[in-house]
file my_file_17.txt (compact mmCIF, C-alpha atoms)
# COMPACT_ATOMS: atom_id res chain seq x y z
CA MET J 48 22.32 40.92 1.55
CA PRO J 49 22.60 37.11 2.05
CA GLU J 50 19.65 35.01 0.93
CA GLN J 51 17.38 33.76 3.73
CA ARG J 52 18.08 30.16 4.67
CA LEU J 53 15.32 27.72 3.74
CA ASP J 54 13.13 27.09 6.81
CA TYR J 55 11.56 23.84 5.65
CA LEU J 56 12.38 21.31 2.96
CA ILE J 57 9.50 18.84 3.02
CA ILE J 58 9.99 15.36 1.54
CA GLY J 59 7.06 13.20 0.43
CA PRO J 60 4.53 12.66 -2.34
CA VAL J 61 2.92 15.69 -3.91
CA ALA J 62 0.94 16.14 -7.13
CA PRO J 63 1.00 14.74 -9.74
CA PHE J 64 0.96 11.83 -7.27
CA ARG J 65 -2.62 11.43 -6.15
CA GLY J 66 -4.29 10.95 -2.79
CA GLY J 67 -4.79 12.65 0.54
CA ILE J 68 -1.14 12.62 1.60
CA ALA J 69 -0.04 14.33 -1.62
CA GLU J 70 -2.81 16.92 -1.19
CA THR J 71 -1.97 17.67 2.44
CA GLN J 72 1.73 17.88 1.61
CA TYR J 73 1.02 20.80 -0.68
CA GLU J 74 -1.39 22.34 1.83
CA LEU J 75 1.28 22.17 4.54
CA ALA J 76 3.86 23.91 2.38
CA THR J 77 1.39 26.55 1.21
CA HIS J 78 0.30 27.48 4.73
CA LEU J 79 3.86 27.55 6.00
CA GLN J 80 4.70 29.95 3.20
CA MET J 81 1.64 32.08 4.05
CA SER J 82 2.90 32.26 7.65
CA GLY J 83 6.17 33.78 6.43
CA LYS J 84 8.36 30.67 6.22
CA LYS J 85 10.65 29.87 3.32
CA VAL J 86 9.60 26.45 2.01
CA GLN J 87 10.35 23.99 -0.78
CA LEU J 88 9.01 20.54 -1.59
CA LEU J 89 11.10 17.52 -2.55
CA THR J 90 9.15 14.66 -4.09
CA PHE J 91 9.59 11.47 -6.08
CA SER J 92 10.53 10.80 -9.67
CA LYS J 93 9.44 7.20 -8.97
CA LEU J 94 7.44 6.13 -5.92
CA TYR J 95 6.12 2.55 -6.04
CA PRO J 96 7.08 -0.14 -8.54
CA LYS J 97 3.98 -1.19 -10.48
CA ILE J 98 4.07 -4.68 -8.97
CA LEU J 99 3.63 -3.27 -5.45
CA PHE J 100 0.94 -0.68 -6.19
CA PRO J 101 -2.59 -2.13 -5.77
CA GLY J 102 -4.46 0.70 -7.49
CA LYS J 103 -5.07 1.64 -11.10
CA ASN J 104 -2.90 4.74 -11.28
CA GLN J 105 -0.37 6.42 -8.98
CA LYS J 106 -0.90 9.85 -10.51
CA THR J 107 -3.86 12.18 -10.78
CA LYS J 108 -5.39 13.35 -14.04
CA GLU J 109 -6.60 16.61 -12.50
CA LYS J 110 -4.86 19.83 -13.53
CA GLN J 111 -2.50 21.10 -10.86
CA GLN J 112 -1.77 24.70 -9.95
CA ARG J 113 1.78 25.07 -8.67
CA SER J 114 2.90 28.20 -6.88
CA LEU J 115 5.61 26.45 -4.83
CA LYS J 116 9.03 25.21 -5.85
CA ILE J 117 8.97 21.42 -6.22
CA SER J 118 11.87 19.14 -7.09
CA GLU J 119 11.03 15.65 -8.40
CA SER J 120 14.37 14.04 -7.56
CA ILE J 121 13.85 10.94 -5.40
CA HIS J 122 13.70 7.45 -6.84
CA ALA J 123 12.20 5.65 -3.85
CA TYR J 124 13.60 2.19 -4.59
CA ASN J 125 16.86 2.81 -6.50
CA PRO J 126 19.69 3.44 -3.99
CA LEU J 127 22.11 4.26 -6.81
CA GLN J 128 20.28 7.56 -7.26
CA TRP J 129 20.14 8.60 -3.61
CA THR J 130 23.59 10.21 -3.37
CA LYS J 131 22.63 12.99 -5.78
CA VAL J 132 19.57 13.71 -3.62
CA VAL J 133 21.83 14.10 -0.57
CA ARG J 134 23.90 16.62 -2.52
CA GLU J 135 20.75 18.52 -3.47
CA ILE J 136 19.56 18.64 0.15
CA ASN J 137 22.97 19.76 1.46
CA GLN J 138 23.16 22.46 -1.19
CA LEU J 139 19.73 23.78 -0.19
CA ASN J 140 20.84 23.57 3.48
CA PRO J 141 17.37 23.87 5.07
CA ARG J 142 17.02 24.46 8.80
CA ASN J 143 14.50 21.62 8.97
CA LEU J 144 14.19 18.57 6.76
CA ILE J 145 10.68 17.10 7.10
CA PHE J 146 10.04 13.45 6.19
CA ARG J 147 6.39 12.58 5.46
CA TYR J 148 6.28 8.99 6.73
CA TYR J 149 3.28 6.72 6.24
CA THR J 150 4.66 3.32 5.20
CA PRO J 151 7.76 1.25 6.11
CA PHE J 152 8.40 0.95 2.37
CA LEU J 153 9.90 4.45 2.57
CA ALA J 154 12.13 3.71 5.58
CA PRO J 155 15.24 2.73 3.54
CA VAL J 156 15.30 5.84 1.35
CA TYR J 157 14.22 8.22 4.11
CA GLY J 158 16.57 6.74 6.71
CA TRP J 159 19.52 6.81 4.32
CA LEU J 160 18.90 10.41 3.25
CA ALA J 161 18.55 11.52 6.88
CA LYS J 162 21.73 9.69 7.88
CA LYS J 163 23.82 11.14 5.05
CA THR J 164 22.67 14.76 5.01
CA ALA J 165 24.59 17.43 6.93
CA SER J 166 24.40 17.31 10.73
CA GLN J 167 23.37 20.99 11.04
CA ILE J 168 20.07 20.16 9.31
CA ASN J 169 17.31 19.16 11.75
CA LYS J 170 15.52 15.94 10.75
CA ILE J 171 11.84 15.81 11.74
CA ALA J 172 9.28 13.13 10.92
CA LEU J 173 5.67 13.93 10.05
CA VAL J 174 3.97 10.56 10.56
CA ASP J 175 0.56 9.56 9.20
CA ASN J 176 0.83 5.86 10.11
CA TRP J 177 3.37 4.15 12.36
CA ILE J 178 2.06 0.61 12.72
CA PRO J 179 0.76 -0.36 9.26
CA HIS J 180 -2.84 -1.49 8.92
CA GLU J 181 -1.67 -4.50 6.89
CA ARG J 182 1.44 -5.68 8.70
CA ARG J 183 4.55 -7.39 7.32
CA ALA J 184 7.50 -9.12 8.96
CA LEU J 185 10.03 -6.30 8.51
CA ASP J 186 7.79 -3.37 9.53
CA ARG J 187 9.23 -2.94 13.02
CA ILE J 188 12.85 -3.18 11.85
CA LEU J 189 12.22 -0.61 9.11
CA ASN J 190 10.42 1.76 11.49
CA ARG J 191 13.32 1.57 13.92
CA PHE J 192 15.89 2.28 11.19
CA PHE J 193 13.94 5.34 10.10
CA GLY J 194 13.11 6.53 13.62
CA LYS J 195 16.74 6.41 14.79
CA GLN J 196 17.62 9.10 12.24
CA MET J 197 14.91 11.51 13.48
CA GLN J 198 15.37 14.20 16.11
CA ALA J 199 11.62 14.52 16.74
CA PHE J 200 8.27 13.21 15.53
CA THR J 201 5.07 15.02 14.65
CA THR J 202 1.71 13.37 13.95
CA LEU J 203 -1.87 13.89 12.82
CA SER J 204 -3.43 12.06 15.77
CA THR J 205 -2.93 11.07 19.40
CA ALA J 206 -3.20 7.40 18.39
CA VAL J 207 -0.10 7.59 16.17
CA ALA J 208 1.80 9.64 18.75
CA THR J 209 1.10 6.98 21.38
CA GLN J 210 2.45 4.24 19.12
CA ILE J 211 5.68 6.16 18.45
CA LYS J 212 6.26 6.89 22.14
CA ILE J 213 6.40 3.15 22.82
CA ASP J 214 9.41 2.83 20.48
CA PHE J 215 11.30 6.12 20.86
CA LYS J 216 12.24 8.70 23.49
CA GLN J 217 12.43 11.69 21.15
CA ALA J 218 9.88 14.51 21.49
CA VAL J 219 6.52 13.75 19.84
CA TRP J 220 3.88 16.31 18.84
CA GLU J 221 0.24 15.17 18.79
CA GLY J 222 -1.70 16.96 16.08
CA PHE J 223 -5.00 16.55 14.25
CA HIS J 224 -6.07 16.02 10.64
CA PRO J 225 -6.77 19.46 9.10
CA ILE J 226 -9.47 20.12 6.51
CA ASN J 227 -8.39 20.54 2.90
CA THR J 228 -8.80 24.17 1.85
CA GLN J 229 -9.12 23.15 -1.81
CA LEU J 230 -12.47 21.41 -1.25
CA LEU J 231 -15.32 22.78 -3.34
CA PRO J 232 -18.23 24.31 -1.36
CA PRO J 233 -21.34 22.25 -0.57
CA ILE J 234 -24.25 22.34 -2.99
CA SER J 235 -27.88 21.56 -2.19
CA LYS J 236 -28.78 17.93 -1.55
CA LEU J 237 -31.51 18.21 -4.18
CA GLU J 238 -29.10 19.37 -6.88
CA ALA J 239 -26.39 16.86 -5.89
CA ARG J 240 -28.81 13.94 -6.08
CA LYS J 241 -30.08 15.11 -9.45
CA ARG J 242 -26.50 15.04 -10.77
CA LEU J 243 -25.92 11.54 -9.39
CA GLY J 244 -29.35 10.14 -10.26
CA TRP J 245 -29.99 9.25 -6.62
CA ASN J 246 -33.52 8.84 -5.21
CA GLN J 247 -34.52 12.05 -3.45
CA GLN J 248 -36.65 10.20 -0.85
CA GLN J 249 -34.12 7.68 0.41
CA THR J 250 -31.84 8.11 3.42
CA THR J 251 -28.34 7.60 2.03
CA VAL J 252 -25.30 6.36 3.93
CA LEU J 253 -21.97 6.97 2.17
CA PHE J 254 -18.84 4.84 2.48
CA PHE J 255 -16.08 6.78 0.74
CA GLY J 256 -12.40 6.21 0.03
CA LEU J 257 -9.94 3.54 -0.99
CA ILE J 258 -11.36 0.11 -0.16
CA ARG J 259 -8.91 -1.98 1.83
CA GLN J 260 -9.32 -4.94 4.14
CA TYR J 261 -8.77 -2.99 7.36
CA LYS J 262 -11.69 -0.66 6.63
CA GLY J 263 -14.36 -3.21 7.60
CA LEU J 264 -16.63 -2.60 4.63
CA GLU J 265 -18.02 -6.12 4.96
CA LEU J 266 -19.42 -5.20 8.40
CA LEU J 267 -21.19 -2.17 7.00
CA ILE J 268 -22.70 -4.18 4.14
CA GLN J 269 -23.86 -6.91 6.56
CA SER J 270 -25.51 -4.28 8.77
CA PHE J 271 -27.97 -3.50 5.97
CA THR J 272 -29.65 -6.90 6.45
CA ASP J 273 -31.16 -5.40 9.62
CA LYS J 274 -34.88 -4.96 8.94
CA ALA J 275 -35.02 -1.86 11.13
CA LEU J 276 -33.14 0.05 8.42
CA ASP J 277 -35.91 -0.77 5.92
CA SER J 278 -38.38 1.37 7.85
CA HIS J 279 -36.07 4.37 7.33
CA ASN J 280 -35.82 3.67 3.56
CA THR J 281 -32.03 3.60 4.00
CA VAL J 282 -29.52 2.72 1.26
CA LEU J 283 -25.75 2.41 1.16
CA LYS J 284 -23.53 3.98 -1.51
CA ILE J 285 -19.97 2.60 -1.62
CA VAL J 286 -17.62 4.85 -3.56
CA GLY J 287 -13.88 4.41 -3.99
CA GLU J 288 -11.18 2.48 -5.79
CA CYS J 289 -10.88 -1.09 -4.51
CA TYR J 290 -7.41 -2.24 -3.42
CA GLU J 291 -8.75 -5.79 -3.04
CA ASN J 292 -10.68 -8.10 -5.34
CA GLN J 293 -13.95 -6.18 -5.67
CA LYS J 294 -15.86 -9.45 -6.16
CA LYS J 295 -15.40 -10.02 -2.43
CA TYR J 296 -17.89 -7.21 -1.84
CA THR J 297 -20.17 -7.53 -4.87
CA ASP J 298 -20.61 -11.24 -4.16
CA LEU J 299 -21.41 -10.49 -0.51
CA VAL J 300 -24.15 -8.09 -1.59
CA SER J 301 -25.59 -10.76 -3.92
CA GLN J 302 -25.45 -13.45 -1.24
CA LEU J 303 -27.31 -11.20 1.20
CA GLY J 304 -29.89 -10.13 -1.37
CA LEU J 305 -29.02 -6.45 -0.99
CA GLU J 306 -28.77 -5.50 -4.67
CA ASP J 307 -31.56 -2.91 -4.30
CA THR J 308 -30.04 -1.43 -1.15
CA VAL J 309 -26.27 -1.38 -1.70
CA SER J 310 -24.55 0.04 -4.80
CA PHE J 311 -20.91 0.39 -5.84
CA ASP J 312 -18.80 2.90 -7.72
CA PHE J 313 -15.21 1.64 -7.79
CA GLU J 314 -13.66 4.71 -9.43
CA TYR J 315 -11.17 7.11 -7.82
CA LYS J 316 -12.88 10.47 -7.35
CA SER J 317 -11.94 14.09 -8.11
CA LEU J 318 -12.64 17.12 -5.92
CA SER J 319 -15.76 17.91 -7.97
CA ASP J 320 -16.98 14.32 -7.46
CA ILE J 321 -16.34 14.65 -3.72
CA GLN J 322 -18.37 17.87 -3.65
CA THR J 323 -21.35 16.14 -5.24
CA LEU J 324 -21.17 12.88 -3.26
CA PHE J 325 -20.84 14.48 0.17
CA SER J 326 -23.51 17.08 -0.62
CA ALA J 327 -25.88 14.29 -1.68
CA CYS J 328 -25.54 11.88 1.26
CA ASP J 329 -27.14 12.01 4.71
CA LEU J 330 -24.54 10.14 6.79
CA VAL J 331 -20.92 9.04 6.41
CA ALA J 332 -19.93 5.60 7.73
CA GLN J 333 -16.43 4.45 8.71
CA THR J 334 -16.73 0.97 10.17
CA TYR J 335 -12.97 0.32 10.22
CA HIS J 336 -11.28 -2.57 11.99
CA THR J 337 -8.21 -0.41 12.74
CA ALA J 338 -7.37 3.27 12.29
CA THR J 339 -4.84 5.94 13.18
CA GLN J 340 -6.76 8.86 11.73
CA SER J 341 -8.83 9.28 8.57
CA GLY J 342 -8.90 11.79 5.77
CA VAL J 343 -12.59 11.00 5.29
CA THR J 344 -13.52 12.49 8.67
CA PRO J 345 -12.52 16.05 7.69
CA LEU J 346 -14.51 15.68 4.47
CA ALA J 347 -17.62 14.84 6.52
CA TYR J 348 -16.92 17.83 8.79
CA PHE J 349 -16.53 20.20 5.85
CA TYR J 350 -19.75 19.01 4.18
CA ASN J 351 -21.64 18.90 7.50
CA LYS J 352 -22.47 15.19 7.44
CA PRO J 353 -22.83 13.29 10.75
CA LEU J 354 -20.68 10.19 11.14
CA VAL J 355 -21.10 6.59 12.20
CA VAL J 356 -17.64 5.26 13.11
CA SER J 357 -16.10 2.26 14.82
CA ASP J 358 -15.39 2.90 18.49
CA ILE J 359 -11.61 2.49 18.10
CA ASP J 360 -8.61 4.66 18.92
CA GLY J 361 -7.63 6.94 16.08
CA LEU J 362 -11.14 7.16 14.66
CA ASN J 363 -13.45 7.84 17.60
CA ALA J 364 -11.58 10.75 19.23
CA PRO J 365 -12.97 13.71 17.24
CA ILE J 366 -16.47 12.19 17.10
CA LYS J 367 -16.63 11.79 20.89
CA LYS J 368 -14.98 15.13 21.61
CA ASP J 369 -17.14 17.14 19.21
CA LYS J 370 -20.33 15.00 19.48
CA THR J 371 -20.61 14.87 15.69
CA GLY J 372 -22.00 11.36 15.32
CA VAL J 373 -22.06 7.97 17.00
CA CYS J 374 -19.31 5.47 17.82
CA VAL J 375 -20.29 1.81 17.49
CA GLN J 376 -18.91 -1.65 18.18
CA LYS J 377 -17.56 -3.56 15.18
CA THR J 378 -20.60 -5.78 14.60
CA PRO J 379 -23.30 -5.51 11.92
CA LYS J 380 -26.02 -5.28 14.58
CA ALA J 381 -24.29 -2.44 16.45
CA ILE J 382 -23.64 -0.56 13.19
CA ALA J 383 -27.31 -0.81 12.15
CA GLU J 384 -28.40 0.38 15.59
CA GLY J 385 -25.93 3.27 15.38
CA ILE J 386 -27.29 4.38 12.02
CA ILE J 387 -30.86 4.26 13.33
CA LYS J 388 -29.88 6.13 16.48
CA LEU J 389 -28.23 8.90 14.48
CA LEU J 390 -31.24 9.21 12.20
CA ASP J 391 -33.35 10.37 15.13
CA HIS J 392 -34.27 13.93 14.12
CA ASN J 393 -33.03 15.64 17.28
CA LYS J 394 -29.76 13.70 17.43
CA TYR J 395 -29.12 14.20 13.72
CA GLN J 396 -29.68 17.95 13.93
CA LYS J 397 -27.54 18.24 17.05
CA ALA J 398 -24.69 16.43 15.29
CA LYS J 399 -24.96 18.82 12.34
CA ASP J 400 -24.90 21.82 14.69
CA ASN J 401 -21.82 20.43 16.43
CA LEU J 402 -20.08 19.82 13.09
CA LYS J 403 -20.56 23.47 12.20
CA LYS J 404 -19.29 24.65 15.60
CA SER J 405 -16.24 22.37 15.44
CA LEU J 406 -15.12 23.34 11.95
CA PRO J 407 -12.81 26.23 13.00
CA ASN J 408 -10.77 23.85 15.20
CA TYR J 409 -9.55 21.87 12.18
CA GLN J 410 -8.15 24.63 9.99
CA TRP J 411 -4.72 24.42 8.38
CA LYS J 412 -3.77 27.83 9.80
CA VAL J 413 -4.24 26.50 13.35
CA TRP J 414 -2.36 23.27 12.58
CA VAL J 415 0.64 25.00 11.00
CA GLU J 416 0.99 27.51 13.86
CA GLN J 417 1.05 24.74 16.48
CA TRP J 418 3.28 22.45 14.41
CA SER J 419 5.92 25.04 13.55
CA ASP J 420 5.94 26.35 17.15
CA PHE J 421 6.72 22.83 18.37
CA ILE J 422 9.61 22.44 15.92
CA GLU J 423 11.09 25.86 16.60
CA ASN J 424 10.87 25.36 20.38
CA LEU J 425 12.89 22.17 20.07
CA TYR J 426 15.96 24.23 19.27
CA ALA J 427 15.20 27.44 21.17
call {"tool": "encode", "arguments": {"input": "my_file_17.txt", "output": "structure tokens"}}
result
Amino acid sequence: MPEQRLDYLIIGPVAPFRGGIAETQYELATHLQMSGKKVQLLTFSKLYPKILFPGKNQKTKEKQQRSLKISESIHAYNPLQWTKVVREINQLNPRNLIFRYYTPFLAPVYGWLAKKTASQINKIALVDNWIPHERRALDRILNRFFGKQMQAFTTLSTAVATQIKIDFKQAVWEGFHPINTQLLPPISKLEARKRLGWNQQQTTVLFFGLIRQYKGLELLIQSFTDKALDSHNTVLKIVGECYENQKKYTDLVSQLGLEDTVSFDFEYKSLSDIQTLFSACDLVAQTYHTATQSGVTPLAYFYNKPLVVSDIDGLNAPIKKDKTGVCVQKTPKAIAEGIIKLLDHNKYQKAKDNLKKSLPNYQWKVWVEQWSDFIENLYA
């Protein structure tokens, strides 16, 4: 009996590379396999040259459980090694070749692989970001080179889908950001704060994730000069590796005299750290300047923490639809007012109730069913 043809070969970062995209890549493959599809992952032997990577480490130190077949074959920036990857893809002969696209840096390798692999293989993009948050001169040219090789696009948000539709006529699927099934369950706020050494009486706002210029952290810090927050005994915990000069933010806190109100932890966090931090906080703040979607939002949903977010496309959609927090203008005053508004007992409890009700809508099983149906209907 002939072996079943591979349904999906999915290209992109996966552990030991760290971060949300690597985690969701594995989740996608796992849930496709659970739905009966034959799946393999194709990842990088080298991803970013050290000179271009702003963080401390590209790879995770956490132990990884691997139940899927993963090939670490792609050198992202050495074209001399790409031909052997084409041979590997053609030999596997998947029905669908999925390119996880989130930065124009990957356009040359992805576009070349798509162009050179066999024509009977469908090439589909799964796009996290289309227009980069921090733009460069060649971004549009690189996006167009990559996009021309794709037969269809799939996304994690309506905002990204809208951007792609401006540039291309191919079919585009508008998805959502699913919740990581590997997250550890919530623990009590009391126990979480004991572990972290946080004051049990304070109202704690959490800013979590990689710190980059587009995330508007300076606005959130400035909002804590508002005296109205003092009456709520509110503090800000900023947790995440800084992809900028961290003195920009520590100096701002000193200049504003907020040393007793705002604290920093600039370390990249594990799943167990995430469990403790999100269990311990009261609110999650995302005061971004720009966004397409955010991996922090599903964390807040999972740990039942209401959100204060900038009222911008790509970030506000689930909050407005589900009524799980407040959307604010990008000014310190509006952010402070939003935090105070959400701390109203009735509004806070209603947001928590809505988070719980909305949780089933963001499951990987739902996402994979809709996503694979879209792809299979393209060629029906």
call {"tool": "residues_around", "arguments": {"input": "my_file_17.txt", "residues": "region 362-378 of chain J", "least_positions_apart": "3", "cutoff": "6 Å", "atoms": "all atoms listed in the file", "output": "PyMOL selection string"}}
result
chain J and resi 338+340+353-359+381-382+398+401-402
call {"tool": "residues_around", "arguments": {"input": "my_file_17.txt", "residues": "Gln217 (chain J)", "least_positions_apart": "4", "cutoff": "8 Å", "atoms": "only C-alpha atoms", "output": "list in words"}}
result
Gln198, Ala199, Phe200 and Lys212 of chain J
call {"tool": "closest_residue", "arguments": {"input": "my_file_17.txt", "among": "J:Ser82, J:Ser118, J:Thr90, J:Thr164", "to": "Ile68 (chain J)", "atoms": "all atoms listed in the file"}}
result
J:Thr90
call {"tool": "closest_residue", "arguments": {"input": "my_file_17.txt", "among": "J:Lys195, J:Ala327, J:Asp312, J:Thr205", "to": "Gln247 (chain J)", "atoms": "all atoms listed in the file"}}
result
J:Ala327
call {"tool": "closest_residue", "arguments": {"input": "my_file_17.txt", "among": "J:Glu181, J:Asp360, J:Glu265, J:Glu314", "to": "Gly287 (chain J)", "atoms": "only C-alpha atoms"}}
result
J:Glu314
call {"tool": "residues_around", "arguments": {"input": "my_file_17.txt", "residues": "Arg242 (chain J)", "least_positions_apart": "3", "cutoff": "12 Å", "atoms": "only C-alpha atoms", "output": "list in words"}}
result
Ile234, Ser235, Lys236, Leu237, Glu238, Ala239, Trp245, Asn246, Gln247, Ser319, Asp320, Gln322, Thr323, Leu324, Ser326 and Ala327 of chain J
call {"tool": "write_last_selection", "arguments": {"input": "my_file_17.txt", "atoms": "C-alpha atoms", "output": "compact mmCIF listing (two decimals), in the frame of the given file"}}
result
# COMPACT_ATOMS: atom_id res chain seq x y z
CA ILE J 234 -24.25 22.34 -2.99
CA SER J 235 -27.88 21.56 -2.19
CA LYS J 236 -28.78 17.93 -1.55
CA LEU J 237 -31.51 18.21 -4.18
CA GLU J 238 -29.10 19.37 -6.88
CA ALA J 239 -26.39 16.86 -5.89
CA TRP J 245 -29.99 9.25 -6.62
CA ASN J 246 -33.52 8.84 -5.21
CA GLN J 247 -34.52 12.05 -3.45
CA SER J 319 -15.76 17.91 -7.97
CA ASP J 320 -16.98 14.32 -7.46
CA GLN J 322 -18.37 17.87 -3.65
CA THR J 323 -21.35 16.14 -5.24
CA LEU J 324 -21.17 12.88 -3.26
CA SER J 326 -23.51 17.08 -0.62
CA ALA J 327 -25.88 14.29 -1.68
call {"tool": "closest_residue", "arguments": {"input": "my_file_17.txt", "among": "J:Gly304, J:Pro63, J:Pro233, J:Gly194", "to": "Ala218 (chain J)", "atoms": "all atoms listed in the file"}}
result
J:Gly194
call {"tool": "axis_aligned_box", "arguments": {"input": "my_file_17.txt", "around": "region 137-140 of chain J", "padding_each_side": "8 Å", "output": "JSON"}}
result
{"center_x": 21.4, "center_y": 21.8, "center_z": 1.1, "size_x": 19.4, "size_y": 20.0, "size_z": 20.7}
call {"tool": "atom_distance", "arguments": {"input": "my_file_17.txt", "atom1": "CA of Gln417 (chain J)", "atom2": "CA of Tyr148 (chain J)"}}
result
19.2 Å
call {"tool": "build_atoms", "arguments": {"input": "my_file_17.txt", "residues": "region 400-421 of chain J", "atoms": "N, CA and C atoms", "output": "tab-separated table (two decimals), in the frame of the given file"}}
result
chain	number	residue	atom	x	y	z
J	400	ASP	N	-25.25	20.57	14.00
J	400	ASP	CA	-24.90	21.82	14.69
J	400	ASP	C	-23.49	21.75	15.26
J	401	ASN	N	-23.15	20.59	15.84
J	401	ASN	CA	-21.82	20.43	16.43
J	401	ASN	C	-20.73	20.39	15.36
J	402	LEU	N	-21.04	19.81	14.20
J	402	LEU	CA	-20.08	19.82	13.09
J	402	LEU	C	-19.75	21.26	12.70
J	403	LYS	N	-20.77	22.07	12.59
J	403	LYS	CA	-20.56	23.47	12.20
J	403	LYS	C	-19.73	24.22	13.24
J	404	LYS	N	-20.03	23.98	14.53
J	404	LYS	CA	-19.29	24.65	15.60
J	404	LYS	C	-17.83	24.20	15.65
J	405	SER	N	-17.58	22.93	15.32
J	405	SER	CA	-16.24	22.37	15.44
J	405	SER	C	-15.32	22.72	14.29
J	406	LEU	N	-15.89	23.13	13.18
J	406	LEU	CA	-15.12	23.34	11.95
J	406	LEU	C	-13.89	24.24	12.12
J	407	PRO	N	-13.99	25.36	12.86
J	407	PRO	CA	-12.81	26.23	13.00
J	407	PRO	C	-11.62	25.56	13.69
J	408	ASN	N	-11.86	24.51	14.46
J	408	ASN	CA	-10.77	23.85	15.20
J	408	ASN	C	-9.88	22.99	14.31
J	409	TYR	N	-10.28	22.78	13.07
J	409	TYR	CA	-9.55	21.87	12.18
J	409	TYR	C	-8.99	22.57	10.96
J	410	GLN	N	-8.67	23.85	11.11
J	410	GLN	CA	-8.15	24.63	9.99
J	410	GLN	C	-6.63	24.47	9.86
J	411	TRP	N	-6.16	24.53	8.63
J	411	TRP	CA	-4.72	24.42	8.38
J	411	TRP	C	-3.92	25.53	9.08
J	412	LYS	N	-4.48	26.72	9.15
J	412	LYS	CA	-3.77	27.83	9.80
J	412	LYS	C	-3.45	27.48	11.26
J	413	VAL	N	-4.43	26.90	11.95
J	413	VAL	CA	-4.24	26.50	13.35
J	413	VAL	C	-3.18	25.40	13.44
J	414	TRP	N	-3.29	24.40	12.57
J	414	TRP	CA	-2.36	23.27	12.58
J	414	TRP	C	-0.92	23.73	12.37
J	415	VAL	N	-0.71	24.56	11.35
J	415	VAL	CA	0.64	25.00	11.00
J	415	VAL	C	1.25	25.84	12.11
J	416	GLU	N	0.46	26.70	12.75
J	416	GLU	CA	0.99	27.51	13.86
J	416	GLU	C	1.49	26.61	14.99
J	417	GLN	N	0.68	25.63	15.38
J	417	GLN	CA	1.05	24.74	16.48
J	417	GLN	C	2.23	23.85	16.10
J	418	TRP	N	2.23	23.35	14.89
J	418	TRP	CA	3.28	22.45	14.41
J	418	TRP	C	4.63	23.16	14.32
J	419	SER	N	4.65	24.32	13.70
J	419	SER	CA	5.92	25.04	13.55
J	419	SER	C	6.43	25.56	14.89
J	420	ASP	N	5.51	25.94	15.80
J	420	ASP	CA	5.94	26.35	17.15
J	420	ASP	C	6.63	25.20	17.87
J	421	PHE	N	6.10	24.00	17.75
J	421	PHE	CA	6.72	22.83	18.37
J	421	PHE	C	8.13	22.62	17.84
